>>> print(open('coords-v5.txt').read())   # compact mmCIF, C-alpha atoms and all ligand atoms
# COMPACT_ATOMS: atom_id res chain seq x y z
CA MET A 28 -15.60 -27.34 10.72
CA SER A 29 -14.89 -27.91 7.04
CA LEU A 30 -12.25 -30.35 5.87
CA ARG A 31 -10.44 -27.62 4.06
CA LYS A 32 -8.09 -25.36 5.94
CA ALA A 33 -6.04 -22.29 5.18
CA LEU A 34 -2.76 -20.94 6.44
CA LEU A 35 -2.48 -17.21 5.80
CA VAL A 36 1.09 -15.98 6.17
CA VAL A 37 1.33 -12.20 6.46
CA CYS A 38 4.87 -10.85 6.20
CA ASP A 39 4.62 -7.33 7.58
CA GLY A 40 5.82 -4.69 5.11
CA MET A 41 7.31 -7.33 2.80
CA GLY A 42 6.21 -5.55 -0.38
CA ASP A 43 8.89 -3.34 -1.91
CA ARG A 44 9.63 -1.09 -4.84
CA VAL A 45 11.67 -2.17 -7.82
CA GLU A 46 14.55 0.32 -7.67
CA ARG A 47 17.36 0.69 -10.19
CA GLU A 48 19.98 1.02 -7.43
CA TYR A 49 19.18 -2.58 -6.45
CA GLY A 50 19.40 -3.89 -10.00
CA GLY A 51 15.68 -3.65 -10.65
CA GLU A 52 14.91 -6.22 -7.97
CA THR A 53 13.39 -6.25 -4.50
CA PRO A 54 14.47 -8.06 -1.32
CA LEU A 55 11.86 -10.75 -2.08
CA GLY A 56 13.17 -10.90 -5.65
CA ILE A 57 16.76 -11.63 -4.66
CA ALA A 58 16.08 -13.77 -1.59
CA LYS A 59 16.57 -17.51 -1.97
CA THR A 60 13.06 -18.75 -1.36
CA PRO A 61 12.63 -22.28 -2.73
CA THR A 62 9.44 -22.92 -0.74
CA LEU A 63 7.71 -19.67 -1.67
CA ASP A 64 8.80 -20.16 -5.29
CA ARG A 65 7.30 -23.66 -5.36
CA LEU A 66 4.03 -22.44 -3.82
CA ALA A 67 3.93 -19.52 -6.26
CA ALA A 68 4.57 -21.76 -9.27
CA SER A 69 1.77 -24.13 -8.32
CA GLY A 70 -0.78 -21.48 -7.36
CA TYR A 71 -2.26 -18.13 -8.10
CA VAL A 72 0.08 -15.15 -7.97
CA GLY A 73 -0.79 -11.51 -8.28
CA LEU A 74 -0.68 -8.10 -6.71
CA MET A 75 -2.96 -6.90 -3.97
CA ASP A 76 -3.73 -3.37 -2.88
CA PRO A 77 -4.24 -3.92 0.86
CA VAL A 78 -6.68 -1.01 1.02
CA SER A 79 -6.74 0.78 -2.32
CA PRO A 80 -4.10 1.76 -4.89
CA GLY A 81 -1.80 4.43 -3.49
CA ILE A 82 -3.17 4.24 0.06
CA ARG A 83 -0.41 3.95 2.68
CA PRO A 84 -1.86 1.87 5.47
CA GLY A 85 -0.51 1.07 8.91
CA SER A 86 -0.51 -2.61 9.85
CA ASP A 87 -3.66 -2.23 11.92
CA TYR A 88 -5.58 -0.53 9.10
CA ALA A 89 -4.35 -3.05 6.52
CA THR A 90 -4.95 -6.12 8.71
CA THR A 91 -8.51 -4.90 9.27
CA ALA A 92 -8.94 -4.96 5.48
CA LEU A 93 -7.22 -8.34 5.02
CA LEU A 94 -9.63 -9.87 7.53
CA GLY A 95 -12.48 -8.58 5.37
CA TYR A 96 -13.59 -5.49 7.31
CA ASP A 97 -13.68 -2.24 5.38
CA PRO A 98 -11.34 -0.03 7.44
CA SER A 99 -13.02 3.15 6.19
CA ILE A 100 -16.06 1.96 8.18
CA TYR A 101 -14.61 -0.11 11.00
CA TYR A 102 -11.33 1.49 11.88
CA THR A 103 -11.65 3.35 15.18
CA GLY A 104 -8.00 4.07 16.01
CA ARG A 105 -5.03 2.03 17.04
CA GLY A 106 -5.49 2.24 20.79
CA GLY A 107 -8.54 -0.03 20.90
CA LEU A 108 -6.75 -2.67 18.83
CA GLU A 109 -3.59 -2.53 20.91
CA ALA A 110 -5.69 -2.96 24.06
CA ALA A 111 -7.46 -5.98 22.59
CA GLY A 112 -4.09 -7.44 21.62
CA ALA A 113 -2.93 -7.08 25.20
CA GLY A 114 -5.95 -9.11 26.30
CA ILE A 115 -7.93 -6.11 27.57
CA ASP A 116 -11.62 -6.04 26.76
CA LEU A 117 -12.48 -2.43 26.08
CA LYS A 118 -16.01 -1.37 26.84
CA PRO A 119 -17.99 0.97 24.61
CA GLY A 120 -17.09 4.56 25.52
CA GLU A 121 -13.64 3.73 26.89
CA VAL A 122 -10.70 5.25 25.07
CA ALA A 123 -7.37 3.46 24.76
CA PHE A 124 -3.99 4.81 23.68
CA ARG A 125 -0.88 3.07 22.49
CA CYS A 126 2.03 4.26 24.58
CA ASN A 127 5.76 4.11 24.42
CA PHE A 128 7.93 4.01 27.48
CA SER A 129 10.33 6.78 26.46
CA THR A 130 13.31 8.77 27.69
CA VAL A 131 13.05 12.56 27.95
CA ASP A 132 15.31 15.19 29.48
CA ASP A 133 14.16 17.81 32.00
CA SER A 134 12.87 20.09 29.23
CA LEU A 135 10.68 17.16 28.03
CA THR A 136 12.73 16.79 24.85
CA VAL A 137 12.68 13.19 23.65
CA ILE A 138 16.09 11.55 23.96
CA ASP A 139 14.87 8.08 22.98
CA ARG A 140 11.28 7.22 22.04
CA ARG A 141 11.93 3.59 22.97
CA ALA A 142 13.84 4.11 26.23
CA GLY A 143 16.82 2.09 25.03
CA ARG A 144 14.38 -0.57 23.80
CA ILE A 145 13.58 -1.44 27.41
CA GLU A 146 12.66 -5.10 27.93
CA LYS A 147 12.54 -5.57 31.70
CA GLY A 148 10.84 -3.66 34.49
CA THR A 149 7.93 -2.30 32.47
CA THR A 150 5.37 -4.29 34.50
CA ASP A 151 6.63 -2.57 37.68
CA LEU A 152 6.51 0.81 35.97
CA ALA A 153 2.96 0.09 34.77
CA GLU A 154 1.86 -0.54 38.34
CA THR A 155 3.06 2.92 39.33
CA ILE A 156 1.37 4.53 36.32
CA ARG A 157 -1.96 2.94 37.27
CA GLU A 158 -1.91 4.95 40.50
CA ILE A 159 -2.01 8.30 38.67
CA LYS A 160 -5.12 10.35 39.37
CA PRO A 161 -5.83 12.81 36.54
CA ARG A 162 -6.31 16.31 37.96
CA GLY A 163 -9.62 18.13 38.01
CA VAL A 164 -11.72 15.32 36.55
CA LYS A 165 -14.29 13.45 38.54
CA GLY A 166 -15.46 9.89 37.95
CA LEU A 167 -12.59 8.95 35.67
CA ARG A 168 -10.39 5.91 36.14
CA ILE A 169 -7.28 4.92 34.32
CA ASP A 170 -5.68 1.57 33.58
CA PHE A 171 -2.23 0.99 32.17
CA ARG A 172 -0.65 -2.24 30.96
CA ALA A 173 2.86 -2.92 29.71
CA THR A 174 2.69 -4.99 26.51
CA VAL A 175 5.74 -5.87 24.42
CA ALA A 176 9.19 -4.33 24.96
CA HIS A 177 8.86 -0.51 25.17
CA ARG A 178 5.13 -0.53 24.45
CA GLY A 179 2.10 -0.21 26.66
CA VAL A 180 -1.59 0.65 26.65
CA LEU A 181 -3.34 3.44 28.55
CA ILE A 182 -7.10 3.14 29.02
CA LEU A 183 -9.39 5.93 30.13
CA LYS A 184 -12.65 4.77 31.69
CA GLY A 185 -15.54 7.06 32.41
CA LYS A 186 -18.24 9.17 30.84
CA GLY A 187 -17.79 11.87 28.22
CA LEU A 188 -14.56 10.68 26.59
CA SER A 189 -13.58 10.91 22.93
CA ARG A 190 -10.94 9.34 20.69
CA MET A 191 -10.71 12.57 18.69
CA VAL A 192 -7.51 13.79 20.34
CA SER A 193 -3.97 14.17 19.03
CA ASP A 194 -0.77 12.32 19.96
CA VAL A 195 1.64 13.32 22.70
CA ASP A 196 4.36 11.24 21.08
CA PRO A 197 6.17 13.49 18.56
CA HIS A 198 7.26 10.32 16.68
CA ASP A 199 10.86 11.53 16.65
CA ASN A 200 13.86 11.94 18.90
CA GLY A 201 15.42 15.33 19.60
CA VAL A 202 12.11 17.22 19.73
CA LYS A 203 9.82 18.21 22.57
CA ILE A 204 6.84 16.06 23.47
CA LEU A 205 3.55 17.37 22.09
CA ARG A 206 0.50 18.54 23.95
CA CYS A 207 -2.56 16.39 23.47
CA GLU A 208 -5.08 18.56 21.61
CA PRO A 209 -8.77 18.03 20.87
CA LEU A 210 -9.36 17.26 17.19
CA ASP A 211 -12.96 18.47 17.17
CA ASP A 212 -15.06 21.00 19.09
CA SER A 213 -16.73 18.53 21.39
CA SER A 214 -16.42 18.92 25.13
CA ALA A 215 -15.55 15.21 25.29
CA ALA A 216 -12.46 15.74 23.13
CA LYS A 217 -11.41 18.77 25.19
CA ARG A 218 -11.87 16.83 28.41
CA THR A 219 -9.98 13.81 27.10
CA ALA A 220 -7.05 15.96 25.94
CA ALA A 221 -6.81 17.64 29.36
CA VAL A 222 -6.84 14.24 31.08
CA VAL A 223 -4.08 12.89 28.82
CA ASN A 224 -1.86 15.93 29.39
CA SER A 225 -2.29 15.57 33.13
CA ILE A 226 -1.38 11.86 33.03
CA VAL A 227 1.73 12.47 30.91
CA THR A 228 3.01 15.21 33.21
CA GLN A 229 2.45 13.06 36.26
CA SER A 230 4.05 10.03 34.63
CA PHE A 231 7.32 11.96 34.25
CA ARG A 232 7.20 12.98 37.89
CA ILE A 233 6.67 9.48 39.24
CA MET A 234 8.75 7.49 36.77
CA ARG A 235 12.07 9.33 36.77
CA ASP A 236 13.01 8.22 40.28
CA HIS A 237 11.39 4.80 40.07
CA PRO A 238 13.76 2.01 41.25
CA VAL A 239 13.61 0.42 37.78
CA ASN A 240 15.00 3.61 36.28
CA LEU A 241 17.56 4.27 39.00
CA ALA A 242 18.90 0.77 38.28
CA ARG A 243 18.87 1.41 34.53
CA VAL A 244 20.82 4.65 34.87
CA LYS A 245 23.37 2.87 37.09
CA GLU A 246 23.83 0.28 34.34
CA GLY A 247 24.35 3.02 31.77
CA LYS A 248 20.93 2.43 30.20
CA ARG A 249 18.34 5.01 29.29
CA PRO A 250 15.57 5.44 31.86
CA ALA A 251 11.95 4.90 30.86
CA ASN A 252 10.94 8.15 32.54
CA ILE A 253 7.73 9.08 30.74
CA ILE A 254 4.85 7.57 28.79
CA LEU A 255 4.01 9.05 25.40
CA PRO A 256 0.43 8.22 24.36
CA ARG A 257 -0.63 8.14 20.73
CA GLY A 258 -3.29 6.61 18.48
CA ALA A 259 -6.39 7.14 20.62
CA GLY A 260 -8.95 4.50 19.80
CA THR A 261 -12.18 2.85 20.80
CA LEU A 262 -13.54 -0.63 20.25
CA PRO A 263 -14.41 -1.33 16.59
CA GLY A 264 -17.81 -2.91 16.10
CA PHE A 265 -16.77 -6.03 14.18
CA LYS A 266 -18.89 -9.09 13.78
CA THR A 267 -16.50 -12.00 14.26
CA LEU A 268 -15.32 -14.20 11.39
CA HIS A 269 -17.20 -16.98 13.12
CA GLU A 270 -20.42 -14.99 12.92
CA LEU A 271 -19.77 -13.93 9.34
CA TYR A 272 -18.37 -17.16 7.87
CA ASP A 273 -18.71 -19.83 10.55
CA MET A 274 -14.93 -19.85 10.51
CA LYS A 275 -12.77 -20.86 13.46
CA VAL A 276 -9.65 -18.72 13.32
CA ALA A 277 -6.30 -18.74 15.12
CA CYS A 278 -3.76 -15.94 15.12
CA ILE A 279 -0.04 -16.29 15.71
CA ALA A 280 1.54 -12.88 16.04
CA ALA A 281 3.83 -11.03 18.41
CA VAL A 282 2.64 -7.51 17.66
CA ALA A 283 -0.16 -6.41 19.98
CA LEU A 284 -1.86 -4.37 17.28
CA VAL A 285 -2.20 -7.33 14.91
CA LYS A 286 -3.23 -9.60 17.76
CA GLY A 287 -5.84 -7.01 18.69
CA VAL A 288 -7.47 -6.86 15.26
CA CYS A 289 -7.51 -10.65 15.12
CA ARG A 290 -8.91 -11.02 18.63
CA ILE A 291 -11.75 -8.59 17.93
CA ALA A 292 -12.39 -10.58 14.73
CA GLY A 293 -12.88 -13.61 16.98
CA ALA A 294 -9.51 -15.29 16.49
CA GLU A 295 -7.93 -17.35 19.20
CA LEU A 296 -4.50 -15.93 20.01
CA VAL A 297 -1.73 -18.51 20.13
CA ASN A 298 1.37 -17.44 22.03
CA VAL A 299 4.71 -18.82 20.93
CA GLU A 300 7.82 -18.77 23.05
CA GLY A 301 10.49 -16.57 21.49
CA ALA A 302 8.04 -14.76 19.20
CA THR A 303 9.40 -11.25 19.70
CA GLY A 304 8.11 -9.15 16.83
CA GLY A 305 11.79 -8.47 16.06
CA LEU A 306 14.48 -9.78 13.74
CA ASP A 307 15.38 -12.44 16.29
CA THR A 308 11.89 -13.93 16.42
CA ASN A 309 11.29 -17.66 16.66
CA TYR A 310 10.44 -18.20 12.97
CA GLU A 311 10.27 -21.98 13.16
CA GLY A 312 8.44 -22.04 16.47
CA LYS A 313 5.74 -19.82 14.99
CA ALA A 314 5.48 -21.96 11.87
CA TRP A 315 5.11 -25.16 13.89
CA ALA A 316 2.53 -23.47 16.10
CA ALA A 317 0.58 -22.73 12.91
CA VAL A 318 0.59 -26.42 11.96
CA LYS A 319 -0.75 -27.29 15.39
CA ALA A 320 -3.37 -24.51 15.30
CA LEU A 321 -4.65 -25.76 11.94
CA GLU A 322 -5.60 -29.05 13.58
CA ASN A 323 -8.60 -27.39 15.21
CA HIS A 324 -9.07 -24.14 13.29
CA ASP A 325 -10.28 -23.46 9.75
CA LEU A 326 -7.89 -20.57 9.25
CA THR A 327 -4.62 -19.71 10.91
CA LEU A 328 -3.09 -16.30 10.40
CA LEU A 329 0.67 -16.32 10.89
CA HIS A 330 2.07 -12.81 11.11
CA VAL A 331 5.80 -12.02 10.99
CA LYS A 332 6.89 -8.50 11.86
CA ALA A 333 10.62 -8.84 11.10
CA THR A 334 10.25 -7.96 7.40
CA ASP A 335 8.87 -4.57 8.37
CA VAL A 336 11.62 -4.02 10.96
CA ALA A 337 14.35 -4.57 8.33
CA SER A 338 12.42 -2.32 5.93
CA HIS A 339 12.22 0.57 8.38
CA ASP A 340 15.98 0.13 8.91
CA GLY A 341 16.36 0.60 5.13
CA ASP A 342 18.43 -2.58 5.01
CA PHE A 343 17.89 -4.37 1.70
CA GLN A 344 20.08 -7.40 2.53
CA LYS A 345 18.67 -7.79 6.01
CA LYS A 346 15.14 -7.75 4.60
CA ALA A 347 16.11 -10.41 2.06
CA SER A 348 17.62 -12.55 4.82
CA VAL A 349 14.47 -12.24 6.95
CA ILE A 350 12.43 -13.41 3.96
CA GLU A 351 14.82 -16.37 3.59
CA LYS A 352 14.25 -17.28 7.25
CA ILE A 353 10.49 -17.19 6.72
CA ASP A 354 10.89 -19.35 3.62
CA SER A 355 13.06 -21.83 5.47
CA ALA A 356 10.57 -22.10 8.34
CA LEU A 357 7.70 -22.66 5.89
CA GLY A 358 9.83 -25.26 4.08
CA LYS A 359 10.17 -27.22 7.34
CA ILE A 360 6.43 -27.37 8.02
CA MET A 361 5.20 -27.88 4.48
CA PRO A 362 5.44 -31.72 4.59
CA SER A 363 3.19 -31.65 7.67
CA LEU A 364 0.39 -29.79 5.88
CA ASN A 365 -2.03 -31.88 3.85
CA SER A 366 -1.70 -30.44 0.34
CA GLU A 367 -5.00 -32.09 -0.67
CA SER A 368 -6.95 -30.00 1.80
CA THR A 369 -4.79 -27.04 2.89
CA TYR A 370 -4.46 -23.68 1.22
CA VAL A 371 -1.32 -21.69 1.82
CA ILE A 372 -1.61 -17.97 1.20
CA VAL A 373 1.43 -15.72 1.49
CA THR A 374 1.28 -11.96 1.28
CA ALA A 375 2.13 -8.72 3.09
CA ASP A 376 -0.11 -6.28 4.91
CA HIS A 377 1.51 -3.38 3.07
CA SER A 378 4.69 -2.39 1.31
CA THR A 379 7.57 -0.83 3.23
CA PRO A 380 10.18 -0.12 0.56
CA VAL A 381 13.72 -0.08 1.94
CA SER A 382 14.34 3.03 -0.19
CA VAL A 383 11.48 4.83 1.61
CA ARG A 384 12.03 3.34 5.10
CA ASP A 385 8.32 3.73 5.68
CA HIS A 386 5.03 2.31 4.47
CA SER A 387 4.08 3.11 0.90
CA GLY A 388 0.96 2.76 -1.22
CA ASN A 389 2.50 0.09 -3.46
CA PRO A 390 0.58 -3.13 -3.93
CA VAL A 391 1.90 -6.26 -2.22
CA PRO A 392 2.77 -9.65 -3.72
CA LEU A 393 0.23 -12.40 -3.10
CA LEU A 394 0.25 -16.16 -3.67
CA ILE A 395 -2.59 -18.59 -3.10
CA SER A 396 -1.70 -22.25 -3.36
CA GLY A 397 -3.90 -25.27 -2.72
CA PRO A 398 -6.44 -27.68 -4.14
CA GLY A 399 -8.24 -26.47 -7.24
CA VAL A 400 -5.99 -23.45 -7.77
CA PRO A 401 -4.47 -23.08 -11.26
CA SER A 402 -0.68 -22.96 -11.62
CA SER A 403 0.91 -19.64 -12.42
CA GLY A 404 4.07 -21.36 -13.63
CA VAL A 405 6.22 -18.46 -12.38
CA SER A 406 9.72 -19.50 -11.34
CA LYS A 407 10.11 -16.93 -8.56
CA PHE A 408 7.85 -15.31 -5.97
CA SER A 409 8.69 -11.64 -6.41
CA GLU A 410 7.03 -8.31 -7.11
CA ASN A 411 8.30 -8.49 -10.70
CA ALA A 412 6.98 -12.00 -11.32
CA VAL A 413 3.58 -11.58 -9.66
CA SER A 414 2.89 -8.35 -11.51
CA ARG A 415 2.51 -10.60 -14.57
CA GLY A 416 0.71 -13.29 -12.56
CA ASN A 417 -2.46 -15.29 -13.15
CA LEU A 418 -4.45 -13.60 -10.39
CA GLY A 419 -4.22 -10.05 -11.63
CA ARG A 420 -4.68 -7.31 -9.07
CA LEU A 421 -6.92 -7.66 -6.04
CA HIS A 422 -8.29 -5.46 -3.31
CA GLY A 423 -7.42 -6.40 0.29
CA LEU A 424 -11.11 -6.87 1.09
CA ASP A 425 -11.28 -9.60 -1.59
CA LEU A 426 -8.86 -11.87 0.24
CA MET A 427 -11.09 -13.09 3.06
CA ARG A 428 -13.95 -13.65 0.62
CA ILE A 429 -11.67 -15.79 -1.57
CA ILE A 430 -10.45 -17.77 1.44
CA ALA A 431 -14.02 -18.27 2.67
CA ASP A 432 -15.04 -19.46 -0.79
CA TYR A 433 -12.23 -22.03 -1.03
CA LEU A 434 -13.02 -23.27 2.47
CA GLY A 435 -16.66 -23.75 1.49
CA LYS A 436 -17.75 -21.01 3.90
CA ALA A 437 -18.97 -18.30 1.53
CA LYS A 438 -22.67 -17.50 1.47
CA LYS A 439 -24.39 -17.54 -1.90
CA LEU A 440 -25.88 -14.21 -2.90
CA GLY A 441 -29.09 -14.24 -4.91
CA PHE A 442 -30.85 -17.40 -6.00
ZN ZN A 501 5.93 -0.55 9.63
>>> encode(input="coords-v5.txt", output="structure tokens", more="lines below")
Ligand SMILES: [Zn+2]
Amino acid sequence: MSLRKALLVVCDGMGDRVEREYGGETPLGIAKTPTLDRLAASGYVGLMDPVSPGIRPGSDYATTALLGYDPSIYYTGRGGLEAAGAGIDLKPGEVAFRCNFSTVDDSLTVIDRRAGRIEKGTTDLAETIREIKPRGVKGLRIDFRATVAHRGVLILKGKGLSRMVSDVDPHDNGVKILRCEPLDDSSAAKRTAAVVNSIVTQSFRIMRDHPVNLARVKEGKRPANIILPRGAGTLPGFKTLHELYDMKVACIAAVALVKGVCRIAGAELVNVEGATGGLDTNYEGKAWAAVKALENHDLTLLHVKATDVASHDGDFQKKASVIEKIDSALGKIMPSLNSESTYVIVTADHSTPVSVRDHSGNPVPLLISGPGVPSSGVSKFSENAVSRGNLGRLHGLDLMRIIADYLGKAKKLGF
């Protein structure tokens, strides 16, 4: 292990647009962030296109790029990543789906995609789902695991399966669930779609009267009476960061998808109590876990989802306050990091402008602070300031190469 270490802080969806209605500033721009400002002033700042200018990536696609894997080659759907994040080792040929526990009415119209943001009872429901036998298909087994809150993973095991099938989840409330359709002409895609439709229909039948749901209805809560699969995926063929760079990596994240990408990239997953992936996450606990992880890892990736949650809510002030919480947590741990040997990199996996309430193709702010890095001299870490920064504009794939280089892990090309 090299003496030099790096802490990579990824604030999900932190990047934003500079809109006139918010006085030409962004949530990061107005947030009080003394620690980020100090790091930005003493380091490189710039903009980064997580994938490419104008490309709107999901967190899984973007995190793949930030870890140095070209997603146009390595991305094989969300399901495989979610499964890896839940600690499931997918085998080649198996197809995994992200699933929501959802609430539908008798006509299979979605009342609530997140089943009242169900927290408890999903493990019991998962057990019931695992007993489903898809109709008319021989030699196929299914597995189902509850992951975080209303989310789960469905895995199809057997021969002749394909990830080229569409979502059942309509991604909206008030509309009917969709039929899973094959996305190409292969018999594997047709077979997989038929299997998924059979599982979804059966899930509604067995879940609506499940004791967990009867209790929920009694308490005035929405029942988790169906699973809605989406994002079919297989295992991406990554070489690990250890194989590529001899780098020992830790990942601190609550979101299964991000954990999955990191785990497949060879990172050790560090679980932190109270890390929820929500606005109420344990910001300080995660930051302190990163300090500890850096003791025996070259690189620690610390992912915070809350910025993206506030962004999807379209709440400018809430997003700014989440950024302030991240800043405050980093401020607490900074004295415990050796500034002579530790790089601190802060960025986002993509932009989620509050005005859009969804991911956009805007570049994200980036700072790299540490030994041997020139000072930008900016007084504030913000989209406005970094767009005039000393790092210029990078591609997401550049980031891991730059980190590897600073850590003394980059291979020399040529003589
Ligand atoms: Zn998002």
>>> atom_distance(input="coords-v5.txt", atom1="atom CA of A:Pro263", atom2="atom CA of A:Gly112")
13.0 Å
>>> residues_near_point(input="coords-v5.txt", point="(2.1, -31.1, 7.7)", cutoff="12 Å", atoms="all atoms listed in the file", output="ChimeraX atom specification")
/A:32,34,314-322,357-371
>>> closest_atom_pairs(input="coords-v5.txt", of="chain A", to="ligand ZN 501 (chain A)", cutoff="12 Å", atoms="only C-alpha atoms and all ligand atoms", output="Markdown table")
| residue | atom | partner | partner_atom | distance |
| --- | --- | --- | --- | --- |
| A:Cys38 | CA | A:ZN501 | ZN | 10.9 |
| A:Asp39 | CA | A:ZN501 | ZN | 7.2 |
| A:Gly40 | CA | A:ZN501 | ZN | 6.1 |
| A:Met41 | CA | A:ZN501 | ZN | 9.7 |
| A:Gly42 | CA | A:ZN501 | ZN | 11.2 |
| A:Arg83 | CA | A:ZN501 | ZN | 10.4 |
| A:Pro84 | CA | A:ZN501 | ZN | 9.2 |
| A:Gly85 | CA | A:ZN501 | ZN | 6.7 |
| A:Ser86 | CA | A:ZN501 | ZN | 6.8 |
| A:Asp87 | CA | A:ZN501 | ZN | 10.0 |
| A:Tyr88 | CA | A:ZN501 | ZN | 11.5 |
| A:Ala89 | CA | A:ZN501 | ZN | 11.0 |
| A:Val282 | CA | A:ZN501 | ZN | 11.1 |
| A:Leu284 | CA | A:ZN501 | ZN | 11.6 |
| A:Val285 | CA | A:ZN501 | ZN | 11.8 |
| A:Gly304 | CA | A:ZN501 | ZN | 11.4 |
| A:Gly305 | CA | A:ZN501 | ZN | 11.8 |
| A:Val331 | CA | A:ZN501 | ZN | 11.6 |
| A:Lys332 | CA | A:ZN501 | ZN | 8.3 |
| A:Ala333 | CA | A:ZN501 | ZN | 9.6 |
| A:Thr334 | CA | A:ZN501 | ZN | 8.9 |
| A:Asp335 | CA | A:ZN501 | ZN | 5.1 |
| A:Val336 | CA | A:ZN501 | ZN | 6.8 |
| A:Ala337 | CA | A:ZN501 | ZN | 9.4 |
| A:Ser338 | CA | A:ZN501 | ZN | 7.7 |
| A:His339 | CA | A:ZN501 | ZN | 6.5 |
| A:Asp340 | CA | A:ZN501 | ZN | 10.1 |
| A:Gly341 | CA | A:ZN501 | ZN | 11.4 |
| A:Ala375 | CA | A:ZN501 | ZN | 11.1 |
| A:Asp376 | CA | A:ZN501 | ZN | 9.6 |
| A:His377 | CA | A:ZN501 | ZN | 8.4 |
| A:Ser378 | CA | A:ZN501 | ZN | 8.6 |
| A:Thr379 | CA | A:ZN501 | ZN | 6.6 |
| A:Pro380 | CA | A:ZN501 | ZN | 10.0 |
| A:Val381 | CA | A:ZN501 | ZN | 11.0 |
| A:Val383 | CA | A:ZN501 | ZN | 11.1 |
| A:Arg384 | CA | A:ZN501 | ZN | 8.5 |
| A:Asp385 | CA | A:ZN501 | ZN | 6.3 |
| A:His386 | CA | A:ZN501 | ZN | 6.0 |
| A:Ser387 | CA | A:ZN501 | ZN | 9.6 |
>>> closest_residue(input="coords-v5.txt", among="A:Leu63, A:Leu306, A:Ala259, A:Ala221", to="A:Glu109", atoms="only C-alpha atoms")
A:Ala259
>>> closest_residue(input="coords-v5.txt", among="A:Arg144, A:Lys436, A:Lys184, A:Arg65", to="A:Lys407", atoms="all atoms listed in the file")
A:Arg65
>>> closest_residue(input="coords-v5.txt", among="A:Leu117, A:Val413, A:Ala251, A:Leu167", to="A:Met234", atoms="all atoms listed in the file")
A:Ala251
>>> closest_residue(input="coords-v5.txt", among="A:Phe442, A:Tyr310, A:Tyr71, A:Tyr102", to="A:Arg190", atoms="all atoms listed in the file")
A:Tyr102
